[in-house]
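Text of model.cif (mmCIF, C-alpha atoms) as supplied:
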data_protein
#
loop_
_atom_site.label_atom_id
_atom_site.label_comp_id
_atom_site.auth_asym_id
_atom_site.auth_seq_id
_atom_site.Cartn_x
_atom_site.Cartn_y
_atom_site.Cartn_z
CA MET A 1 154.46 13.75 -29.59
CA LEU A 2 153.82 17.53 -29.60
CA ALA A 3 154.97 17.83 -25.99
CA PHE A 4 158.13 15.93 -26.89
CA LEU A 5 158.93 18.33 -29.73
CA VAL A 6 158.27 21.43 -27.65
CA SER A 7 160.56 20.21 -24.89
CA PHE A 8 163.40 19.84 -27.42
CA LEU A 9 163.05 23.26 -29.05
CA PRO A 10 165.27 25.16 -26.58
CA PHE A 11 167.89 22.49 -26.84
CA LEU A 12 167.79 22.58 -30.62
CA PHE A 13 168.01 26.37 -30.56
CA LEU A 14 171.15 26.21 -28.50
CA LEU A 15 172.69 23.69 -30.80
CA SER A 16 171.95 25.78 -33.87
CA SER A 17 173.26 29.09 -32.38
CA PRO A 18 177.05 29.85 -32.65
CA LEU A 19 178.88 30.67 -29.45
CA PRO A 20 181.42 33.47 -30.11
CA LEU A 21 183.43 33.15 -26.93
CA LYS A 22 184.91 29.72 -27.49
CA PRO A 23 185.01 27.35 -30.52
CA LEU A 24 182.66 24.33 -30.26
CA PRO A 25 183.93 20.77 -30.37
CA SER A 26 183.51 18.71 -33.57
CA TRP A 27 180.83 16.45 -32.17
CA VAL A 28 178.44 19.46 -32.00
CA ASN A 29 178.40 19.74 -35.78
CA GLU A 30 177.71 16.01 -36.05
CA LEU A 31 174.82 16.34 -33.58
CA ARG A 32 173.36 19.19 -35.65
CA LEU A 33 173.35 16.91 -38.70
CA VAL A 34 171.59 14.09 -36.77
CA PHE A 35 168.80 16.37 -35.60
CA PHE A 36 168.39 17.81 -39.08
CA LEU A 37 167.88 14.31 -40.49
CA PHE A 38 165.48 13.47 -37.64
CA TRP A 39 163.30 16.48 -38.41
CA GLN A 40 163.30 15.65 -42.08
CA GLU A 41 162.05 12.13 -41.46
CA LEU A 42 159.50 13.31 -38.90
CA ILE A 43 157.98 15.88 -41.26
CA TYR A 44 157.88 13.39 -44.13
CA TYR A 45 156.05 10.66 -42.22
CA SER A 46 153.65 13.16 -40.61
CA PHE A 47 152.47 14.43 -43.99
CA GLN A 48 152.26 10.86 -45.28
CA GLY A 49 150.01 9.86 -42.38
CA LEU A 50 147.72 12.88 -42.88
CA ARG A 51 147.35 12.06 -46.58
CA ASN A 52 146.41 8.41 -45.88
CA TYR A 53 143.84 9.47 -43.26
CA ALA A 54 142.27 11.95 -45.68
CA GLU A 55 141.95 9.24 -48.33
CA ASP A 56 140.29 6.75 -45.93
CA MET A 57 137.86 9.22 -44.30
CA PRO A 58 134.92 8.81 -46.80
CA SER A 59 134.92 5.01 -46.45
CA ASN A 60 135.06 5.31 -42.65
CA LEU A 61 132.06 7.61 -42.64
CA ILE A 62 130.10 5.22 -44.87
CA ASN A 63 130.87 2.28 -42.60
CA MET A 64 129.90 4.30 -39.56
CA PHE A 65 126.39 5.16 -40.75
CA ALA A 66 125.61 2.14 -42.92
CA VAL A 67 123.28 -0.66 -41.53
CA ARG A 68 125.29 -3.79 -41.08
CA PRO A 69 123.87 -6.90 -42.73
CA SER A 70 123.58 -8.76 -39.41
CA THR A 71 121.54 -5.92 -37.89
CA ALA A 72 119.21 -5.88 -40.90
CA ARG A 73 118.59 -9.58 -40.54
CA ILE A 74 117.79 -9.18 -36.85
CA THR A 75 115.34 -6.34 -37.60
CA ALA A 76 113.58 -8.41 -40.25
CA HIS A 77 113.31 -11.35 -37.82
CA VAL A 78 111.81 -9.13 -35.12
CA GLU A 79 109.23 -7.74 -37.56
CA GLU A 80 108.36 -11.26 -38.64
CA MET A 81 107.89 -12.32 -35.02
CA GLN A 82 105.63 -9.33 -34.36
CA GLU A 83 103.32 -10.43 -37.15
CA ARG A 84 102.74 -13.83 -35.51
CA THR A 85 99.78 -14.49 -33.16
CA ILE A 86 98.95 -17.04 -30.50
CA LEU A 87 97.20 -19.09 -33.17
CA ASP A 88 100.60 -19.72 -34.78
CA LEU A 89 101.65 -21.77 -31.75
CA PRO A 90 101.61 -25.57 -32.03
CA GLU A 91 98.30 -27.16 -31.10
CA LEU A 92 99.69 -28.80 -27.96
CA ALA A 93 101.27 -25.57 -26.69
CA LEU A 94 98.08 -23.58 -27.28
CA ASP A 95 95.97 -26.20 -25.50
CA CYS A 96 98.34 -26.15 -22.53
CA ILE A 97 97.95 -22.38 -22.25
CA LEU A 98 94.17 -22.48 -22.47
CA GLU A 99 93.94 -25.27 -19.90
CA LYS A 100 95.67 -23.02 -17.35
CA LEU A 101 93.10 -20.23 -17.73
CA SER A 102 90.25 -19.59 -15.30
CA PRO A 103 86.64 -19.31 -16.54
CA VAL A 104 87.03 -15.52 -16.75
CA GLY A 105 90.35 -15.95 -18.56
CA LEU A 106 88.74 -18.27 -21.11
CA CYS A 107 85.96 -15.74 -21.71
CA ASN A 108 88.56 -13.00 -22.14
CA MET A 109 90.47 -15.12 -24.63
CA ALA A 110 87.26 -16.02 -26.45
CA GLY A 111 86.63 -12.35 -27.13
CA VAL A 112 89.81 -12.01 -29.21
CA CYS A 113 88.59 -13.61 -32.44
CA HIS A 114 86.20 -16.20 -33.84
CA ALA A 115 88.86 -18.90 -33.99
CA LEU A 116 89.69 -18.53 -30.30
CA ARG A 117 86.01 -18.24 -29.40
CA ASP A 118 85.30 -21.67 -30.85
CA ARG A 119 88.42 -23.14 -29.28
CA CYS A 120 87.70 -21.63 -25.84
CA ALA A 121 84.21 -23.17 -25.87
CA SER A 122 85.59 -26.70 -26.16
CA ASP A 123 84.21 -29.15 -23.62
CA HIS A 124 87.64 -30.45 -22.60
CA LEU A 125 88.64 -26.97 -21.38
CA TRP A 126 85.49 -26.51 -19.28
CA LYS A 127 85.26 -30.03 -17.92
CA ARG A 128 87.73 -29.30 -15.10
CA HIS A 129 86.00 -26.05 -14.10
CA MET A 130 82.64 -27.80 -14.12
CA ARG A 131 83.96 -30.63 -11.99
CA GLU A 132 85.72 -28.40 -9.46
CA LYS A 133 82.80 -26.06 -8.81
CA TRP A 134 79.53 -27.79 -9.67
CA ASP A 135 79.99 -31.56 -9.41
CA ARG A 136 79.06 -31.71 -5.74
CA VAL A 137 75.67 -30.07 -6.32
CA PHE A 138 74.87 -30.67 -9.99
CA ALA A 139 74.97 -33.85 -12.09
CA PHE A 140 75.74 -32.56 -15.57
CA THR A 141 75.46 -35.94 -17.30
CA ALA A 142 72.00 -36.58 -15.87
CA ASN A 143 70.69 -33.05 -16.38
CA LYS A 144 72.37 -31.75 -19.53
CA ASP A 145 69.17 -32.08 -21.57
CA LEU A 146 66.92 -30.75 -18.83
CA SER A 147 68.95 -28.11 -17.02
CA LEU A 148 68.75 -25.25 -19.52
CA ASN A 149 65.01 -25.65 -20.09
CA LEU A 150 63.80 -25.44 -16.51
CA PRO A 151 61.45 -22.50 -15.92
CA SER A 152 62.91 -19.68 -13.90
CA ARG A 153 61.11 -19.08 -10.60
CA ARG A 154 62.70 -16.03 -9.04
CA VAL A 155 61.78 -14.73 -5.64
CA GLU A 156 59.18 -12.08 -6.37
CA ALA A 157 59.31 -8.64 -4.78
CA SER A 158 62.68 -9.18 -3.16
CA ASP A 159 65.93 -7.31 -3.36
CA LYS A 160 67.83 -10.45 -4.19
CA GLU A 161 65.70 -11.04 -7.26
CA LYS A 162 66.71 -7.62 -8.55
CA SER A 163 70.35 -8.41 -7.91
CA LEU A 164 70.00 -11.61 -9.87
CA ALA A 165 68.37 -9.80 -12.75
CA GLN A 166 71.38 -7.46 -12.85
CA PRO A 167 74.38 -9.67 -12.12
CA GLU A 168 77.39 -8.17 -10.45
CA GLY A 169 80.85 -9.31 -9.51
CA TYR A 170 82.10 -12.53 -11.01
CA ILE A 171 79.18 -13.37 -13.26
CA GLY A 172 78.82 -9.71 -14.16
CA SER A 173 82.31 -9.80 -15.62
CA LEU A 174 81.48 -13.00 -17.43
CA SER A 175 78.37 -11.48 -18.96
CA HIS A 176 80.37 -8.53 -20.24
CA LEU A 177 83.18 -10.67 -21.61
CA TRP A 178 80.88 -13.26 -23.15
CA PRO A 179 77.50 -11.72 -24.06
CA LEU A 180 74.54 -13.50 -22.50
CA SER A 181 73.05 -14.19 -25.91
CA TRP A 182 76.10 -16.33 -26.69
CA PHE A 183 75.10 -18.89 -24.07
CA LYS A 184 71.37 -18.50 -24.46
CA PRO A 185 69.99 -22.02 -24.92
CA ARG A 186 68.83 -22.97 -28.38
CA THR A 187 65.10 -23.69 -28.52
CA ASP A 188 63.06 -25.58 -31.06
CA ASP A 189 62.70 -22.50 -33.27
CA GLY A 190 66.47 -22.17 -33.55
CA GLY A 191 66.89 -19.68 -30.73
CA ASN A 192 64.76 -16.90 -32.25
CA ASN A 193 62.69 -16.39 -29.10
CA LYS A 194 64.31 -13.89 -26.80
CA SER A 195 63.64 -13.18 -23.16
CA PRO A 196 62.57 -9.68 -22.14
CA SER A 197 65.97 -9.02 -20.63
CA SER A 198 67.63 -9.58 -23.99
CA SER A 199 65.09 -7.78 -26.19
CA SER A 200 67.17 -4.63 -26.22
CA SER A 201 70.03 -6.54 -27.84
CA SER A 202 67.90 -8.30 -30.45
CA SER A 203 69.96 -6.77 -33.21
CA SER A 204 73.03 -8.71 -32.08
CA SER A 205 74.01 -11.60 -34.27
CA TYR A 206 75.96 -13.72 -31.80
CA THR A 207 75.86 -17.46 -32.30
CA ALA A 208 74.29 -19.32 -29.40
CA LEU A 209 76.39 -22.00 -27.76
CA PRO A 210 75.13 -25.59 -28.08
CA VAL A 211 72.67 -26.29 -25.29
CA ASP A 212 74.52 -29.47 -24.31
CA SER A 213 77.98 -27.89 -24.15
CA ILE A 214 79.71 -27.77 -20.79
CA MET A 215 80.55 -24.08 -21.17
CA SER A 216 76.92 -23.20 -21.83
CA CYS A 217 75.84 -25.11 -18.75
CA TYR A 218 78.60 -23.60 -16.58
CA LEU A 219 77.74 -20.01 -17.50
CA ALA A 220 74.03 -20.61 -17.10
CA LEU A 221 74.54 -22.08 -13.63
CA GLN A 222 76.91 -19.28 -12.62
CA SER A 223 74.51 -16.60 -13.80
CA GLY A 224 71.52 -18.06 -11.92
CA ARG A 225 69.52 -18.12 -15.15
CA ILE A 226 68.38 -21.69 -14.59
CA TRP A 227 67.04 -23.84 -11.77
CA PHE A 228 68.45 -27.33 -11.40
CA PRO A 229 67.33 -30.32 -9.31
CA ALA A 230 69.23 -31.27 -6.17
CA GLN A 231 68.57 -32.10 -2.53
CA VAL A 232 68.88 -29.78 0.48
CA TYR A 233 69.70 -30.80 4.04
CA ASN A 234 67.78 -29.32 6.96
CA ARG A 235 65.32 -27.27 4.93
CA GLU A 236 63.76 -24.04 6.22
CA ASN A 237 67.15 -22.90 7.53
CA GLY A 238 67.48 -25.79 9.95
CA SER A 239 64.02 -25.65 11.46
CA VAL A 240 63.60 -28.16 14.30
CA GLY A 241 60.94 -30.02 12.32
CA PHE A 242 63.42 -30.79 9.51
CA LEU A 243 66.70 -31.51 11.31
CA LEU A 244 68.61 -34.45 9.81
CA SER A 245 66.39 -34.59 6.75
CA CYS A 246 67.06 -34.00 3.07
CA TYR A 247 64.39 -32.86 0.59
CA ASP A 248 64.26 -32.54 -3.18
CA ALA A 249 64.35 -28.97 -4.46
CA GLU A 250 65.20 -26.88 -7.49
CA LEU A 251 68.04 -24.44 -6.95
CA SER A 252 69.34 -21.25 -8.52
CA TYR A 253 72.75 -19.79 -7.75
CA ASP A 254 73.25 -16.26 -6.39
CA SER A 255 76.80 -15.18 -7.25
CA ARG A 256 76.56 -12.09 -5.01
CA THR A 257 76.31 -14.16 -1.83
CA ASP A 258 77.83 -17.41 -3.10
CA SER A 259 74.67 -19.22 -2.01
CA PHE A 260 71.48 -20.61 -3.54
CA TYR A 261 67.76 -20.10 -3.73
CA ALA A 262 65.91 -23.38 -3.08
CA SER A 263 62.36 -23.95 -4.29
CA PHE A 264 60.52 -26.77 -2.47
CA LEU A 265 57.30 -28.23 -3.87
CA LEU A 266 54.84 -28.49 -0.99
CA LEU A 267 51.86 -30.34 -2.45
CA ARG A 268 51.69 -32.88 -5.26
CA TYR A 269 48.11 -32.00 -6.17
CA PRO A 270 47.62 -28.37 -5.08
CA PRO A 271 44.06 -27.03 -4.78
CA HIS A 272 42.70 -25.17 -7.80
CA GLY A 273 45.72 -26.34 -9.80
CA ILE A 274 48.00 -23.67 -8.30
CA ARG A 275 51.57 -24.81 -7.87
CA THR A 276 52.47 -24.36 -4.20
CA THR A 277 56.15 -23.83 -3.46
CA ASN A 278 58.28 -22.59 -0.62
CA ILE A 279 61.41 -20.65 -1.60
CA GLU A 280 64.33 -20.45 0.80
CA ASP A 281 67.30 -18.17 0.22
CA GLY A 282 70.86 -18.20 1.52
CA VAL A 283 71.31 -21.98 1.17
CA LYS A 284 75.02 -22.74 1.56
CA TRP A 285 77.05 -25.25 -0.44
CA ASP A 286 77.44 -27.74 2.42
CA ARG A 287 73.65 -28.15 2.67
CA ILE A 288 73.29 -29.34 -0.92
CA ARG A 289 73.90 -32.70 -2.55
CA VAL A 290 73.17 -34.43 -5.83
CA SER A 291 70.28 -36.84 -5.44
CA PRO A 292 71.73 -40.34 -4.83
CA VAL A 293 68.70 -42.06 -6.42
CA ASP A 294 66.62 -41.59 -9.53
CA THR A 295 63.36 -41.97 -7.64
CA SER A 296 60.98 -39.01 -7.75
CA ALA A 297 60.14 -37.34 -4.46
CA HIS A 298 56.52 -38.49 -4.92
CA ASP A 299 57.34 -42.15 -5.62
CA LEU A 300 58.21 -45.00 -3.28
CA HIS A 301 61.86 -46.00 -3.50
CA VAL A 302 62.51 -49.69 -4.06
CA SER A 303 64.34 -50.98 -0.97
CA ASP A 304 66.91 -53.47 -2.25
CA CYS A 305 69.11 -53.50 0.84
CA LEU A 306 66.78 -54.98 3.50
CA ASN A 307 68.46 -58.39 3.61
CA ASP A 308 71.82 -56.72 4.10
CA LEU A 309 70.90 -54.55 7.08
CA HIS A 310 72.62 -55.21 10.41
CA PRO A 311 72.56 -53.33 13.72
CA GLY A 312 74.82 -50.29 13.53
CA ASP A 313 74.33 -49.73 9.77
CA HIS A 314 73.60 -46.18 8.67
CA ILE A 315 70.47 -45.69 6.60
CA GLU A 316 68.18 -43.10 5.03
CA ILE A 317 64.44 -43.65 4.91
CA GLN A 318 61.71 -41.85 3.04
CA TRP A 319 59.13 -40.04 5.16
CA ARG A 320 56.29 -37.64 4.39
CA LYS A 321 53.65 -35.94 6.48
CA SER A 322 50.74 -37.07 4.31
CA LYS A 323 50.22 -38.62 0.91
CA GLU A 324 49.77 -35.18 -0.68
CA TYR A 325 53.31 -34.13 0.29
CA PRO A 326 56.59 -35.25 -1.30
CA TYR A 327 58.97 -37.61 0.47
CA GLY A 328 62.05 -36.43 2.27
CA TRP A 329 65.04 -38.57 3.25
CA TRP A 330 65.71 -38.92 7.00
CA TYR A 331 68.88 -40.17 8.63
CA GLY A 332 68.88 -43.08 11.07
CA VAL A 333 70.71 -46.24 12.15
CA VAL A 334 69.71 -49.87 12.45
CA GLY A 335 69.13 -50.83 16.08
CA HIS A 336 68.76 -54.01 18.11
CA LEU A 337 65.52 -55.80 18.87
CA ALA A 338 64.12 -55.49 22.36
CA SER A 339 64.96 -59.15 22.97
CA CYS A 340 68.64 -58.58 22.09
CA ASN A 341 71.15 -57.37 24.70
CA GLY A 342 73.32 -55.73 22.02
CA ASN A 343 76.24 -58.15 22.37
CA LYS A 344 77.59 -58.55 18.84
CA HIS A 345 78.78 -62.10 19.57
CA PHE A 346 75.26 -63.30 20.40
CA CYS A 347 73.20 -60.91 18.26
CA HIS A 348 70.81 -62.46 15.71
CA CYS A 349 68.84 -59.34 14.86
CA HIS A 350 69.89 -59.58 11.21
CA ASP A 351 68.08 -62.94 10.95
CA ASN A 352 64.81 -61.56 12.23
CA GLU A 353 61.99 -60.48 9.90
CA SER A 354 61.65 -57.18 11.78
CA ILE A 355 64.17 -54.38 11.53
CA ILE A 356 64.43 -51.68 14.18
CA LEU A 357 65.31 -48.22 12.89
CA GLU A 358 66.48 -45.65 15.43
CA PHE A 359 66.59 -41.88 15.14
CA ASN A 360 68.89 -40.97 18.00
CA GLN A 361 68.49 -37.25 17.57
CA TYR A 362 65.22 -37.67 19.49
CA THR A 363 64.82 -38.47 23.17
CA PRO A 364 64.10 -42.14 24.10
CA SER A 365 60.54 -41.20 25.02
CA SER A 366 59.80 -39.43 21.74
CA ARG A 367 57.36 -41.04 19.31
CA TRP A 368 59.91 -40.36 16.55
CA ARG A 369 62.74 -42.21 18.27
CA GLN A 370 62.14 -45.71 16.89
CA VAL A 371 60.17 -47.55 14.22
CA ALA A 372 59.97 -51.22 13.14
CA ILE A 373 59.71 -52.31 9.51
CA ASP A 374 59.15 -55.68 7.82
CA ARG A 375 62.28 -57.09 6.24
CA LYS A 376 60.43 -59.46 3.90
CA ASP A 377 57.45 -57.40 2.82
CA HIS A 378 58.31 -53.74 3.29
CA ARG A 379 56.04 -51.12 1.72
CA GLU A 380 54.83 -47.67 2.64
CA PHE A 381 53.12 -47.62 6.02
CA GLY A 382 51.96 -45.04 8.56
CA ASN A 383 49.08 -42.73 9.31
CA GLU A 384 48.14 -39.05 9.23
CA THR A 385 49.34 -38.61 12.81
CA ASN A 386 52.85 -40.03 12.61
CA GLY A 387 53.35 -39.63 8.88
CA PHE A 388 54.21 -42.26 6.27
CA TYR A 389 57.46 -44.21 6.01
CA GLY A 390 58.69 -45.26 2.59
CA GLY A 391 61.76 -46.82 0.97
CA ILE A 392 65.14 -47.37 2.62
CA ARG A 393 68.68 -47.05 1.30
CA LYS A 394 71.81 -48.20 3.10
CA LEU A 395 74.70 -45.76 3.36
CA HIS A 396 78.05 -47.21 2.27
CA SER A 397 80.02 -44.02 1.69
CA LYS A 398 81.95 -42.49 4.58
CA ASP A 399 81.44 -39.08 2.99
CA GLU A 400 77.65 -39.47 3.11
CA ILE A 401 77.73 -40.57 6.75
CA SER A 402 80.10 -37.74 7.64
CA ALA A 403 77.80 -35.21 5.96
CA TRP A 404 74.88 -36.36 8.11
CA ARG A 405 76.93 -36.43 11.31
CA SER A 406 78.21 -32.90 10.70
CA MET A 407 74.61 -31.65 10.94
CA TRP A 408 73.83 -33.34 14.23
CA PRO A 409 71.73 -31.03 16.44
CA THR A 410 73.35 -29.41 19.45
CA LYS A 411 70.62 -30.75 21.74
CA THR A 412 68.32 -33.79 21.76
CA LEU A 413 64.94 -33.26 20.13
CA GLU A 414 61.59 -34.14 21.70
#

Entire entry expressed as structure tokens:
Amino acid sequence: MLAFLVSFLPFLFLLSSPLPLKPLPSWVNELRLVFFLFWQELIYYSFQGLRNYAEDMPSNLINMFAVRPSTARITAHVEEMQERTILDLPELALDCILEKLSPVGLCNMAGVCHALRDRCASDHLWKRHMREKWDRVFAFTANKDLSLNLPSRRVEASDKEKSLAQPEGYIGSLSHLWPLSWFKPRTDDGGNNKSPSSSSSSSSSYTALPVDSIMSCYLALQSGRIWFPAQVYNRENGSVGFLLSCYDAELSYDSRTDSFYASFLLLRYPPHGIRTTNIEDGVKWDRIRVSPVDTSAHDLHVSDCLNDLHPGDHIEIQWRKSKEYPYGWWYGVVGHLASCNGNKHFCHCHDNESIILEFNQYTPSSRWRQVAIDRKDHREFGNETNGFYGGIRKLHSKDEISAWRSMWPTKTLE
């Protein structure tokens, strides 16, 4: 608008100035009147607009700096949301979150507050972790009352014992996140007895987890604080004298090497009452299994499968060097009688009272290659030279057979 007015000033000046040389036409006077009226209206409306703007300015400033009601509501909602915690979530949503956490994540979450600590110790959250890691080597249902009370038998004067006493890595993080006293088993005196390693923290008032809880068992197994019963294939690191055998042992986990210590009982009645054991370290997961029977390593297993044995069946049989030693389980197959040509269409070996057991890892001339047992009246038999044969169990599971076959020696034994 200002530029428009400026551009018309010269023209208006000319119209307003008289020209002395020649009289102007009549329309010039009319044009002067029109422009006079135009300027009058322009000035009037300009001042009117400035006055209206000045009157509205205070209300505009107030609206500019005032907090709008919608913004205030949003701010209040945000503050309300910030005051909420994970415990305000619905039960189902919270359980879904906790079920996705790893063992370390659950221990982290348990350190937030007492309510989450109790919730994170629930058996249903730890059941999956227990099953995925420990089911193949540890039977929780059978050992939940025994596992946390087994005496600890660490390897004395060894570097690995020291590393177990001061856990590192995975279990080290667990012990920091969930203090060891929290999963210390409760004893008959209510958990007042403390081990030397926890004497320095005797002033702590943590509540011990229930001894039969899955979380307590998981953390105790992971830390190597307990020894649990299982069976170990090819003991003494696959020594020739123990190939394709499986012996009872008590194991303790070493989280540093992801392997186990295995303690084998050598004699049932040791001289002078001294417990004689042989401890092997570095036992890998694939050499361990849960015992398939409830029979003690010193007792004869009841053979309830003799009438069902046919040539070609896979079996395990108890064997021990002498009556003072525990039994081990040895892998073999049912063979044909000498009078049978092996033709399955004419074979009647399964009707005979004698059963031939073959151990094909040995050469045909070896004294360990073959043994005959009585189908009707089988009991322990043998001598101090060849050892003593005990009970028999038939293998039905393909996984069990595959486990034995995977450990087949690279060369035939004598």

Explicit residues for the PyMOL selection byres ((chain A and resi 138) around 9) (as a ChimeraX atom specification): /A:134-137,139-140,142-143,228-230,289-291

Distance of atom CA of Ile288 of chain A from atom CA of Phe260 of chain A, expressed in Å to one decimal place: 9.3 Å

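Across A:Arg367, A:Lys284, A:Arg393, A:Lys133, the tightest approach to Val302 of chain A is made by A:Arg393 when counting all atoms listed in the file.
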
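For the pair atom CA of Tyr247 of chain A and atom CA of Ile401 of chain A, the separation is 16.6 Å.
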
Pairwise distance for atom CA of Glu353 of chain A and atom CA of Pro311 of chain A, rounded to one decimal in Å: 13.3 Å

Nearest to Leu266 of chain A, chosen from A:Trp368, A:Trp227, A:Tyr325, A:Tyr253, with only C-alpha atoms counted in the distances: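 Of A:Trp368, A:Trp227, A:Tyr325, A:Tyr253, the one nearest Leu266 of chain A is A:Tyr325, counting only C-alpha atoms.
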
Test item: the PyMOL selection byres ((chain A and resi 106-122) around 8) resolved as number ranges by chain: A: 98, 101-105, 123-126, 174, 177-178, 213, 215

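Candidate residues A:Ser366, A:Gln318, A:Thr277, A:Ser46 were compared for distance to Ile392 of chain A, and the nearest is A:Gln318, using all atoms listed in the file.
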
Test item: the PyMOL selection byres ((chain A and resi 305) around 10) resolved as a ChimeraX atom specification: /A:302-304,306-309,315,375,391-395

Keeping only C-alpha atoms, write those residues as a short mmCIF file (atom, residue, chain, number, x, y, z; two decimals), in the coordinates of the input.
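Written file, result_4.cif:
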data_model
loop_
_atom_site.label_atom_id
_atom_site.label_comp_id
_atom_site.auth_asym_id
_atom_site.auth_seq_id
_atom_site.Cartn_x
_atom_site.Cartn_y
_atom_site.Cartn_z
CA VAL A 302 62.51 -49.69 -4.06
CA SER A 303 64.34 -50.98 -0.97
CA ASP A 304 66.91 -53.47 -2.25
CA LEU A 306 66.78 -54.98 3.50
CA ASN A 307 68.46 -58.39 3.61
CA ASP A 308 71.82 -56.72 4.10
CA LEU A 309 70.90 -54.55 7.08
CA ILE A 315 70.47 -45.69 6.60
CA ARG A 375 62.28 -57.09 6.24
CA GLY A 391 61.76 -46.82 0.97
CA ILE A 392 65.14 -47.37 2.62
CA ARG A 393 68.68 -47.05 1.30
CA LYS A 394 71.81 -48.20 3.10
CA LEU A 395 74.70 -45.76 3.36
#
